[in-house]
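K.L.:
For reference, this is work-v7.cif, and it has mmCIF, C-alpha atoms.
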```cif
data_work
loop_
_atom_site.label_atom_id
_atom_site.label_comp_id
_atom_site.auth_asym_id
_atom_site.auth_seq_id
_atom_site.Cartn_x
_atom_site.Cartn_y
_atom_site.Cartn_z
CA MET A 1131 -7.98 13.39 21.56
CA GLY A 1132 -10.09 13.49 18.42
CA TYR A 1133 -9.03 17.07 17.77
CA ALA A 1134 -5.36 16.15 18.19
CA LEU A 1135 -5.76 13.25 15.77
CA ALA A 1136 -7.34 15.55 13.20
CA VAL A 1137 -4.41 17.98 13.54
CA ALA A 1138 -1.95 15.09 13.10
CA ASP A 1139 -3.77 13.91 9.96
CA LYS A 1140 -4.41 17.33 8.42
CA GLY A 1141 -1.22 19.16 9.42
CA SER A 1142 -2.80 22.33 10.85
CA THR A 1143 -5.48 23.46 13.26
CA ALA A 1144 -7.30 25.26 10.45
CA ALA A 1145 -7.52 22.14 8.27
CA ALA A 1146 -8.50 20.04 11.29
CA ALA A 1147 -11.27 22.51 12.18
CA ARG A 1148 -12.67 22.35 8.63
CA ALA A 1149 -12.62 18.55 8.67
CA LEU A 1150 -14.40 18.42 12.04
CA ASN A 1151 -16.75 21.31 11.28
CA VAL A 1152 -15.75 23.20 14.43
CA SER A 1153 -13.97 26.49 15.07
CA GLN A 1154 -10.19 26.74 14.83
CA PRO A 1155 -9.87 28.18 18.39
CA SER A 1156 -11.68 25.08 19.71
CA VAL A 1157 -9.11 22.82 18.09
CA SER A 1158 -6.18 24.94 19.28
CA GLN A 1159 -7.53 25.02 22.85
CA ALA A 1160 -8.02 21.24 22.91
CA VAL A 1161 -4.45 20.63 21.73
CA THR A 1162 -3.09 23.13 24.25
CA GLN A 1163 -4.97 21.42 27.09
CA LEU A 1164 -3.60 18.01 26.08
CA GLU A 1165 -0.06 19.35 25.93
CA ALA A 1166 -0.50 20.99 29.34
CA HIS A 1167 -1.68 17.67 30.76
CA PHE A 1168 1.39 15.83 29.49
CA GLY A 1169 3.79 18.69 30.11
CA GLN A 1170 5.24 18.13 26.64
CA ALA A 1171 4.44 19.34 23.15
CA LEU A 1172 2.54 17.04 20.81
CA PHE A 1173 3.16 19.32 17.83
CA ARG A 1174 5.93 21.62 16.69
CA ARG A 1175 4.94 24.91 15.10
CA THR A 1176 6.97 25.50 11.91
CA SER A 1177 6.88 28.58 9.74
CA GLY A 1178 5.15 27.85 6.46
CA HIS A 1179 4.64 24.15 7.24
CA GLY A 1180 1.81 24.18 9.79
CA LEU A 1181 2.12 21.76 12.68
CA GLN A 1182 4.44 18.76 12.70
CA VAL A 1183 4.13 15.91 15.20
CA THR A 1184 6.97 15.86 17.75
CA PRO A 1185 8.75 12.62 18.73
CA PHE A 1186 6.63 12.61 21.91
CA GLY A 1187 3.52 13.16 19.80
CA ARG A 1188 4.44 10.23 17.54
CA SER A 1189 4.42 7.99 20.61
CA LYS A 1190 1.01 9.26 21.76
CA ILE A 1191 -0.98 9.67 18.53
CA PRO A 1192 -1.33 5.89 17.90
CA GLU A 1193 -2.46 5.46 21.53
CA PHE A 1194 -5.12 8.15 21.02
CA ARG A 1195 -6.43 6.30 17.95
CA ARG A 1196 -6.73 3.03 19.82
CA LEU A 1197 -8.40 4.67 22.81
CA LEU A 1198 -11.03 6.23 20.57
CA ASP A 1199 -11.63 2.90 18.84
CA GLN A 1200 -12.03 1.28 22.24
CA ALA A 1201 -14.46 4.00 23.32
CA GLU A 1202 -16.52 3.35 20.18
CA TRP A 1203 -16.67 -0.31 21.14
CA VAL A 1204 -17.70 0.46 24.73
CA PHE A 1205 -20.48 2.90 23.83
CA SER A 1206 -21.77 1.18 20.71
CA ALA A 1207 -25.20 -0.47 20.79
CA ARG A 1208 -24.09 -2.94 18.12
CA PRO A 1209 -22.99 -6.47 19.00
CA ALA A 1210 -19.43 -6.47 20.32
CA ASP A 1211 -18.01 -8.67 17.58
CA MET A 1212 -19.10 -6.19 14.89
CA VAL A 1213 -17.24 -3.22 16.37
CA ALA A 1214 -14.26 -5.35 17.36
CA HIS A 1215 -13.65 -6.12 13.71
CA LYS A 1216 -13.19 -2.58 12.47
CA LEU A 1217 -9.99 -2.52 10.41
CA THR A 1218 -8.08 0.18 8.56
CA LEU A 1219 -6.22 -1.61 5.77
CA GLY A 1220 -3.42 -0.04 3.75
CA VAL A 1221 -3.14 -1.13 0.13
CA PHE A 1222 -0.20 -0.64 -2.20
CA SER A 1223 -1.82 0.72 -5.35
CA THR A 1224 -0.44 -1.84 -7.83
CA VAL A 1225 -0.79 -5.02 -5.77
CA GLY A 1226 -4.12 -4.18 -4.13
CA PRO A 1227 -6.58 -4.90 -6.97
CA ARG A 1228 -5.09 -8.36 -7.48
CA TYR A 1229 -5.53 -9.64 -3.92
CA VAL A 1230 -7.35 -7.30 -1.58
CA PRO A 1231 -10.98 -7.42 -2.85
CA LYS A 1232 -11.17 -11.18 -2.23
CA LEU A 1233 -9.64 -10.77 1.23
CA VAL A 1234 -12.15 -8.05 2.16
CA ARG A 1235 -15.04 -10.20 0.91
CA LEU A 1236 -13.88 -13.25 2.88
CA PHE A 1237 -13.37 -11.10 5.99
CA ALA A 1238 -16.91 -9.74 5.70
CA GLU A 1239 -18.29 -13.26 5.25
CA ARG A 1240 -16.44 -14.60 8.27
CA PHE A 1241 -17.28 -11.59 10.47
CA PRO A 1242 -20.69 -10.23 9.44
CA GLY A 1243 -21.01 -6.58 10.37
CA SER A 1244 -17.26 -5.98 10.28
CA ARG A 1245 -16.03 -2.78 8.69
CA VAL A 1246 -12.92 -2.32 6.56
CA GLU A 1247 -11.61 1.11 5.61
CA LEU A 1248 -9.14 1.09 2.69
CA VAL A 1249 -6.18 3.47 2.41
CA GLU A 1250 -4.49 3.25 -1.01
CA ASP A 1251 -1.00 4.73 -1.18
CA ASP A 1252 2.57 4.19 -2.30
CA LEU A 1253 5.11 2.44 -0.07
CA ARG A 1254 6.26 5.65 1.62
CA GLY A 1255 2.72 6.65 2.54
CA LEU A 1256 1.86 3.19 3.84
CA VAL A 1257 4.94 3.08 6.06
CA GLU A 1258 4.03 6.46 7.53
CA GLY A 1259 0.46 5.29 8.12
CA LEU A 1260 1.58 2.12 9.88
CA THR A 1261 4.11 3.81 12.14
CA SER A 1262 1.67 6.59 13.10
CA GLY A 1263 -1.11 4.10 13.90
CA ARG A 1264 -3.40 5.56 11.22
CA ILE A 1265 -3.30 2.19 9.40
CA ASP A 1266 -3.64 -1.17 11.18
CA LEU A 1267 -2.22 -3.45 8.48
CA ALA A 1268 -1.01 -3.04 4.91
CA VAL A 1269 -0.75 -5.38 1.92
CA MET A 1270 2.39 -4.28 0.10
CA TYR A 1271 5.71 -5.29 -1.42
CA ASP A 1272 8.78 -5.76 0.77
CA VAL A 1273 10.91 -3.33 -1.22
CA GLY A 1274 13.17 -0.94 0.66
CA LEU A 1275 11.06 -1.06 3.81
CA PRO A 1276 12.59 0.44 6.96
CA ALA A 1277 13.06 -1.25 10.31
CA GLY A 1278 10.19 -0.93 12.74
CA LEU A 1279 7.66 -2.97 10.79
CA ARG A 1280 6.38 -6.46 11.57
CA LEU A 1281 6.24 -8.33 8.23
CA THR A 1282 4.28 -11.49 7.48
CA SER A 1283 5.37 -13.05 4.18
CA LEU A 1284 2.51 -13.99 1.88
CA LYS A 1285 3.94 -14.77 -1.56
CA GLU A 1286 6.95 -14.31 -3.82
CA VAL A 1287 6.39 -13.05 -7.36
CA ARG A 1288 9.00 -12.78 -10.07
CA PRO A 1289 9.24 -9.68 -12.28
CA TYR A 1290 8.23 -10.26 -15.89
CA ALA A 1291 8.25 -8.42 -19.20
CA LEU A 1292 5.16 -7.15 -21.01
CA VAL A 1293 4.92 -6.65 -24.79
CA HIS A 1294 2.09 -6.06 -27.27
CA GLU A 1295 0.44 -8.96 -29.07
CA GLY A 1296 2.21 -8.35 -32.38
CA HIS A 1297 5.69 -7.93 -30.89
CA HIS A 1298 8.36 -10.07 -32.56
CA LEU A 1299 9.09 -11.72 -29.18
CA ALA A 1300 5.44 -12.21 -28.22
CA ASP A 1301 5.48 -15.95 -28.91
CA LYS A 1302 8.54 -16.58 -26.72
CA LYS A 1303 8.00 -18.14 -23.30
CA THR A 1304 11.05 -16.47 -21.80
CA VAL A 1305 13.24 -13.57 -22.84
CA PHE A 1306 16.40 -11.78 -21.73
CA VAL A 1307 15.89 -8.13 -20.82
CA ARG A 1308 18.67 -7.05 -23.19
CA ASP A 1309 16.64 -8.40 -26.11
CA LEU A 1310 13.83 -5.98 -25.29
CA LEU A 1311 15.94 -2.84 -25.10
CA GLN A 1312 15.69 -2.06 -28.79
CA ASP A 1313 12.23 -0.79 -27.78
CA PRO A 1314 11.57 2.07 -25.35
CA LEU A 1315 10.63 1.30 -21.75
CA ILE A 1316 7.32 2.25 -20.15
CA LEU A 1317 7.89 2.69 -16.41
CA ILE A 1318 5.60 2.39 -13.42
CA SER A 1319 6.67 5.59 -11.65
CA LEU A 1320 5.91 4.81 -8.01
CA PRO A 1321 8.63 5.31 -5.36
CA HIS A 1322 10.91 2.26 -5.08
CA SER A 1323 9.11 0.51 -7.97
CA ARG A 1324 10.51 2.97 -10.51
CA GLY A 1325 14.09 2.56 -9.31
CA PHE A 1326 13.82 -1.22 -9.11
CA PHE A 1327 12.53 -1.77 -12.65
CA LEU A 1328 14.78 0.90 -14.16
CA SER A 1329 17.83 -0.73 -12.55
CA ILE A 1330 16.91 -4.07 -14.18
CA ALA A 1331 17.04 -2.40 -17.59
CA GLN A 1332 20.14 -0.30 -16.88
CA ASN A 1333 22.10 -3.30 -15.57
CA GLN A 1334 22.18 -4.73 -19.09
CA GLY A 1335 24.90 -2.25 -20.11
CA LEU A 1336 22.83 -1.00 -23.05
CA PRO A 1337 21.15 2.37 -23.66
CA VAL A 1338 17.70 2.61 -22.10
CA THR A 1339 15.10 4.89 -23.66
CA ILE A 1340 12.15 5.75 -21.43
CA ALA A 1341 9.02 6.34 -23.50
CA LEU A 1342 6.48 7.10 -20.79
CA GLU A 1343 6.00 6.98 -17.03
CA THR A 1344 2.75 6.51 -15.12
CA LYS A 1345 1.61 5.56 -11.62
CA SER A 1346 -1.20 3.36 -13.00
CA ILE A 1347 -0.51 -0.28 -13.80
CA GLU A 1348 -3.48 -0.39 -16.18
CA MET A 1349 -2.15 2.66 -18.00
CA VAL A 1350 1.18 0.84 -18.37
CA ARG A 1351 -0.60 -2.19 -19.82
CA SER A 1352 -2.65 -0.12 -22.26
CA MET A 1353 0.40 1.83 -23.41
CA VAL A 1354 2.24 -1.43 -24.07
CA ALA A 1355 -0.78 -2.86 -25.91
CA ASN A 1356 -0.78 0.20 -28.17
CA LYS A 1357 2.82 -0.48 -29.23
CA LEU A 1358 4.40 2.45 -27.40
CA GLY A 1359 7.06 0.30 -25.74
CA PHE A 1360 7.58 -2.66 -23.43
CA SER A 1361 7.38 -2.74 -19.65
CA LEU A 1362 8.65 -4.62 -16.61
CA LEU A 1363 6.15 -5.48 -13.89
CA ALA A 1364 5.70 -7.77 -10.89
CA THR A 1365 1.95 -7.70 -10.24
CA ASP A 1366 0.37 -10.95 -11.39
CA ILE A 1367 -2.53 -10.01 -13.71
CA ALA A 1368 -4.80 -12.92 -14.59
CA HIS A 1369 -5.77 -11.78 -18.10
CA ASP A 1370 -4.20 -10.33 -21.26
CA ALA A 1371 -6.87 -7.75 -22.18
CA THR A 1372 -6.41 -4.04 -21.49
CA TYR A 1373 -9.00 -1.34 -20.78
CA ASP A 1374 -9.26 -0.34 -24.45
CA GLY A 1375 -9.73 -3.90 -25.72
CA GLN A 1376 -6.16 -4.41 -26.92
CA GLY A 1377 -3.97 -7.31 -25.85
CA VAL A 1378 -0.60 -7.81 -24.18
CA ARG A 1379 1.69 -10.79 -23.73
CA ARG A 1380 3.52 -11.64 -20.54
CA LEU A 1381 7.04 -13.03 -20.94
CA GLU A 1382 9.04 -14.65 -18.18
CA ILE A 1383 12.51 -13.12 -17.73
CA SER A 1384 15.55 -15.39 -18.17
CA ASP A 1385 17.83 -13.04 -16.24
CA ASP A 1386 18.54 -13.88 -12.61
CA ILE A 1387 16.40 -11.23 -10.92
CA PRO A 1388 15.38 -11.54 -7.27
CA PRO A 1389 11.65 -11.97 -6.71
CA HIS A 1390 9.34 -9.43 -5.13
CA LYS A 1391 7.89 -10.50 -1.78
CA ILE A 1392 4.28 -9.61 -0.99
CA VAL A 1393 3.85 -9.04 2.75
CA LEU A 1394 1.24 -8.09 5.30
CA ALA A 1395 2.85 -5.30 7.30
CA ALA A 1396 2.12 -3.89 10.75
CA SER A 1397 3.94 -1.58 13.14
CA ALA A 1398 6.37 -3.51 15.32
CA SER A 1399 5.90 -1.04 18.20
CA LEU A 1400 2.09 -1.22 18.36
CA PRO A 1401 0.04 -4.24 19.51
CA LEU A 1402 -2.23 -5.87 16.95
CA THR A 1403 -5.93 -5.25 17.45
CA GLU A 1404 -8.31 -8.20 17.49
CA ALA A 1405 -9.43 -7.20 14.00
CA SER A 1406 -5.82 -7.14 12.79
CA LYS A 1407 -5.17 -10.60 14.20
CA ALA A 1408 -8.32 -11.97 12.58
CA PHE A 1409 -7.48 -10.42 9.20
CA ARG A 1410 -3.88 -11.66 9.40
CA ASP A 1411 -4.99 -15.22 10.07
CA LEU A 1412 -7.54 -15.14 7.26
CA THR A 1413 -4.99 -13.66 4.85
CA LEU A 1414 -2.45 -16.40 5.59
CA GLU A 1415 -5.09 -19.08 5.06
CA THR A 1416 -6.25 -17.54 1.77
CA PHE A 1417 -2.79 -17.07 0.28
CA GLU A 1418 -1.83 -20.65 1.14
CA VAL A 1419 -4.90 -22.10 -0.57
CA GLU A 1420 -6.07 -19.71 -3.29
CA PHE A 1421 -3.23 -17.45 -4.46
#
```
Before we go any further, please render this structure as structure tokens.

P.N.:
Amino acid sequence: MGYALAVADKGSTAAAARALNVSQPSVSQAVTQLEAHFGQALFRRTSGHGLQVTPFGRSKIPEFRRLLDQAEWVFSARPADMVAHKLTLGVFSTVGPRYVPKLVRLFAERFPGSRVELVEDDLRGLVEGLTSGRIDLAVMYDVGLPAGLRLTSLKEVRPYALVHEGHHLADKKTVFVRDLLQDPLILISLPHSRGFFLSIAQNQGLPVTIALETKSIEMVRSMVANKLGFSLLATDIAHDATYDGQGVRRLEISDDIPPHKIVLAASASLPLTEASKAFRDLTLETFEVEF
């Protein structure tokens, strides 16, 4: 099963063999034996694209992961509660730094010896990880998510505008987006996020000039601080300083724009592990009290 999981994660028997430090024929033979056992293919061989998981394989791969986790628990010499609280947590790259470190710390304090593995990705990657069973839970935005996920709402955050300290609107508490469009826009260029924030600007009926695009929220903030344009964001940053020591100002938006919803996501077709249930409960408690 471990060999099959490596093939599913790496996309080929050769890459799986390198990751496991075994021979490629060993991996191929293990996969062939599994497929013979089930009487169905776990992977589809495609020219130029390695191995792709079949629909049958997609139903089995998450079960393999959970069986191996259970085997680790059975054969481990560590106390049972330590192994039981092994968690693979997906993190959306812009929202993660704001909330996840505190959650991981509180989880470790409540369950000493627990282990959290972080997987940072964009929304598309996190959805794939959840549905394949590679990720147990994910902290992310509920933006364009497909059916098949179990979502626990944590918090609503409203998009806001970001300008440099010397901007002529910097002292305003609120601003209409159209008043910012005389300046170029600096976009966060992650899937879904890019389209959402660009649509806010384009819906004003005015020309929109895009100055720069980046996947890093701190790069966006530093670019704004250096007077290269304004930006639209949703992640709640608790300070105005940027990496290079410059400053930005956050302005609330007067336009009627729907809020972003931060959620804890899991696969709706897979049962929650004990670790997932424990982390979910702690996360709900923490957001209610501290965020």

K.L.:
Check which residues satisfy the PyMOL selection byres ((chain A and resi 1381-1383) around 9) in the file shown, then give them as number ranges by chain.

P.N.:
A: 1288-1293, 1299-1307, 1379-1380, 1384-1387

K.L.:
Convert the output of the PyMOL selection byres ((chain A and resi 1401-1417) around 8) on the shown file into explicit residues, formatted as a PyMOL selection string.

P.N.:
chain A and resi 1214-1217+1233+1236-1237+1266-1267+1284-1285+1394+1396-1400+1418-1421

K.L.:
In Å to one decimal, how far is atom CA of A:Leu1362 from atom CA of A:Arg1308?

P.N.:
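For atom CA of A:Arg1308 relative to atom CA of A:Leu1362, the distance reads 12.2 Å.
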
K.L.:
Take the PyMOL selection byres ((chain A and resi 1188) around 10), apply it to the structure above, and return the hits as a list in words.

P.N.:
Ala1138, Leu1172, Phe1173, Gln1182, Val1183, Thr1184, Pro1185, Phe1186, Gly1187, Ser1189, Lys1190, Ile1191, Pro1192, Glu1193, Thr1261, Ser1262 and Gly1263 of chain A

K.L.:
Closest to A:Val1230 among A:Gly1141, A:His1390, A:Ala1268, A:Leu1260, using only C-alpha atoms?

P.N.:
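Checking each of A:Gly1141, A:His1390, A:Ala1268, A:Leu1260 against A:Val1230, counting only C-alpha atoms, the winner is A:Ala1268.
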
K.L.:
Of the residues A:Ile1330, A:Val1354, A:Ile1340, A:Leu1248, which is the one nearest to A:Leu1317, using all atoms listed in the file?

P.N.:
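Closest residue, counting all atoms listed in the file: A:Ile1340.
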
K.L.:
List as a VMD selection string the protein and nucleic acid residues near A:Phe1360, meaning an atom at most 10 Å away when all atoms listed in the file are counted, but skip any in the same chain fewer than 2 places from it.

P.N.:
chain A and resid 1291 to 1294 1297 1310 to 1317 1340 to 1341 1350 to 1351 1353 to 1355 1357 to 1358 1362 1378

K.L.:
Any chance you can output those residues with C-alpha atoms as a PDB file, in the frame of the given file?

P.N.:
```pdb
ATOM      1  CA  ALA A1291       8.250  -8.420 -19.200  1.00  0.00           C
ATOM      2  CA  LEU A1292       5.160  -7.150 -21.010  1.00  0.00           C
ATOM      3  CA  VAL A1293       4.920  -6.650 -24.790  1.00  0.00           C
ATOM      4  CA  HIS A1294       2.090  -6.060 -27.270  1.00  0.00           C
ATOM      5  CA  HIS A1297       5.690  -7.930 -30.890  1.00  0.00           C
ATOM      6  CA  LEU A1310      13.830  -5.980 -25.290  1.00  0.00           C
ATOM      7  CA  LEU A1311      15.940  -2.840 -25.100  1.00  0.00           C
ATOM      8  CA  GLN A1312      15.690  -2.060 -28.790  1.00  0.00           C
ATOM      9  CA  ASP A1313      12.230  -0.790 -27.780  1.00  0.00           C
ATOM     10  CA  PRO A1314      11.570   2.070 -25.350  1.00  0.00           C
ATOM     11  CA  LEU A1315      10.630   1.300 -21.750  1.00  0.00           C
ATOM     12  CA  ILE A1316       7.320   2.250 -20.150  1.00  0.00           C
ATOM     13  CA  LEU A1317       7.890   2.690 -16.410  1.00  0.00           C
ATOM     14  CA  ILE A1340      12.150   5.750 -21.430  1.00  0.00           C
ATOM     15  CA  ALA A1341       9.020   6.340 -23.500  1.00  0.00           C
ATOM     16  CA  VAL A1350       1.180   0.840 -18.370  1.00  0.00           C
ATOM     17  CA  ARG A1351      -0.600  -2.190 -19.820  1.00  0.00           C
ATOM     18  CA  MET A1353       0.400   1.830 -23.410  1.00  0.00           C
ATOM     19  CA  VAL A1354       2.240  -1.430 -24.070  1.00  0.00           C
ATOM     20  CA  ALA A1355      -0.780  -2.860 -25.910  1.00  0.00           C
ATOM     21  CA  LYS A1357       2.820  -0.480 -29.230  1.00  0.00           C
ATOM     22  CA  LEU A1358       4.400   2.450 -27.400  1.00  0.00           C
ATOM     23  CA  LEU A1362       8.650  -4.620 -16.610  1.00  0.00           C
ATOM     24  CA  VAL A1378      -0.600  -7.810 -24.180  1.00  0.00           C
TER      25      VAL A1378
END
```

K.L.:
What's the 12 Å shell around A:Leu1320, counting only C-alpha atoms, without same-chain residues fewer than 2 positions away, as a ChimeraX atom specification?

P.N.:
/A:1222-1224,1251-1255,1273,1317-1318,1322-1328,1343-1347,1363

K.L.:
Given the choices A:Gly1335, A:Ser1177, A:Glu1295, A:Tyr1133, which gets closest to A:Ala1371 if the distance is worked out from only C-alpha atoms?

P.N.:
A:Glu1295

K.L.:
To box stretch 1247-1257 of chain A, take all atoms listed in the file, fit an axis-aligned box, add 3 Å on each side, and give centre and edge lengths in Å to one decimal, as AutoDock Vina command-line options.

P.N.:
```
--center_x -2.7 --center_y 3.9 --center_z 1.9 --size_x 23.9 --size_y 11.6 --size_z 14.4
```

K.L.:
With the input short on atoms, add N, CA, C and O atoms back to stretch 1317-1329 of chain A and write it as a PDB file, in the frame of the given file.

P.N.:
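Saved file part36.pdb follows:
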```pdb
ATOM      1  N   LEU A1317       7.591   2.906 -17.830  1.00  0.00           N
ATOM      2  CA  LEU A1317       7.890   2.690 -16.410  1.00  0.00           C
ATOM      3  C   LEU A1317       6.682   2.937 -15.520  1.00  0.00           C
ATOM      4  O   LEU A1317       5.916   3.886 -15.742  1.00  0.00           O
ATOM      5  N   ILE A1318       6.503   2.094 -14.518  1.00  0.00           N
ATOM      6  CA  ILE A1318       5.600   2.390 -13.420  1.00  0.00           C
ATOM      7  C   ILE A1318       6.364   3.333 -12.488  1.00  0.00           C
ATOM      8  O   ILE A1318       7.452   2.997 -12.007  1.00  0.00           O
ATOM      9  N   SER A1319       5.855   4.531 -12.273  1.00  0.00           N
ATOM     10  CA  SER A1319       6.670   5.590 -11.650  1.00  0.00           C
ATOM     11  C   SER A1319       6.343   5.799 -10.180  1.00  0.00           C
ATOM     12  O   SER A1319       6.289   6.926  -9.708  1.00  0.00           O
ATOM     13  N   LEU A1320       6.117   4.717  -9.450  1.00  0.00           N
ATOM     14  CA  LEU A1320       5.910   4.810  -8.010  1.00  0.00           C
ATOM     15  C   LEU A1320       7.247   4.737  -7.282  1.00  0.00           C
ATOM     16  O   LEU A1320       8.182   4.098  -7.768  1.00  0.00           O
ATOM     17  N   PRO A1321       7.369   5.397  -6.118  1.00  0.00           N
ATOM     18  CA  PRO A1321       8.630   5.310  -5.360  1.00  0.00           C
ATOM     19  C   PRO A1321       9.035   3.871  -5.129  1.00  0.00           C
ATOM     20  O   PRO A1321       8.197   3.009  -4.873  1.00  0.00           O
ATOM     21  N   HIS A1322      10.306   3.585  -5.223  1.00  0.00           N
ATOM     22  CA  HIS A1322      10.910   2.260  -5.080  1.00  0.00           C
ATOM     23  C   HIS A1322      10.657   1.402  -6.317  1.00  0.00           C
ATOM     24  O   HIS A1322      11.582   0.807  -6.856  1.00  0.00           O
ATOM     25  N   SER A1323       9.410   1.317  -6.784  1.00  0.00           N
ATOM     26  CA  SER A1323       9.110   0.510  -7.970  1.00  0.00           C
ATOM     27  C   SER A1323       9.863   1.056  -9.183  1.00  0.00           C
ATOM     28  O   SER A1323      10.462   0.289  -9.947  1.00  0.00           O
ATOM     29  N   ARG A1324       9.842   2.361  -9.355  1.00  0.00           N
ATOM     30  CA  ARG A1324      10.510   2.970 -10.510  1.00  0.00           C
ATOM     31  C   ARG A1324      11.989   2.615 -10.518  1.00  0.00           C
ATOM     32  O   ARG A1324      12.548   2.169 -11.520  1.00  0.00           O
ATOM     33  N   GLY A1325      12.658   2.828  -9.381  1.00  0.00           N
ATOM     34  CA  GLY A1325      14.090   2.560  -9.310  1.00  0.00           C
ATOM     35  C   GLY A1325      14.413   1.091  -9.512  1.00  0.00           C
ATOM     36  O   GLY A1325      15.414   0.750 -10.164  1.00  0.00           O
ATOM     37  N   PHE A1326      13.576   0.215  -8.976  1.00  0.00           N
ATOM     38  CA  PHE A1326      13.820  -1.220  -9.110  1.00  0.00           C
ATOM     39  C   PHE A1326      13.762  -1.663 -10.561  1.00  0.00           C
ATOM     40  O   PHE A1326      14.685  -2.318 -11.067  1.00  0.00           O
ATOM     41  N   PHE A1327      12.687  -1.308 -11.268  1.00  0.00           N
ATOM     42  CA  PHE A1327      12.530  -1.770 -12.650  1.00  0.00           C
ATOM     43  C   PHE A1327      13.516  -1.060 -13.593  1.00  0.00           C
ATOM     44  O   PHE A1327      14.020  -1.676 -14.542  1.00  0.00           O
ATOM     45  N   LEU A1328      13.802   0.202 -13.324  1.00  0.00           N
ATOM     46  CA  LEU A1328      14.780   0.900 -14.160  1.00  0.00           C
ATOM     47  C   LEU A1328      16.159   0.293 -13.986  1.00  0.00           C
ATOM     48  O   LEU A1328      16.916   0.149 -14.959  1.00  0.00           O
ATOM     49  N   SER A1329      16.513  -0.120 -12.778  1.00  0.00           N
ATOM     50  CA  SER A1329      17.830  -0.730 -12.550  1.00  0.00           C
ATOM     51  C   SER A1329      17.960  -2.052 -13.302  1.00  0.00           C
ATOM     52  O   SER A1329      19.045  -2.397 -13.775  1.00  0.00           O
TER      53      SER A1329
END
```
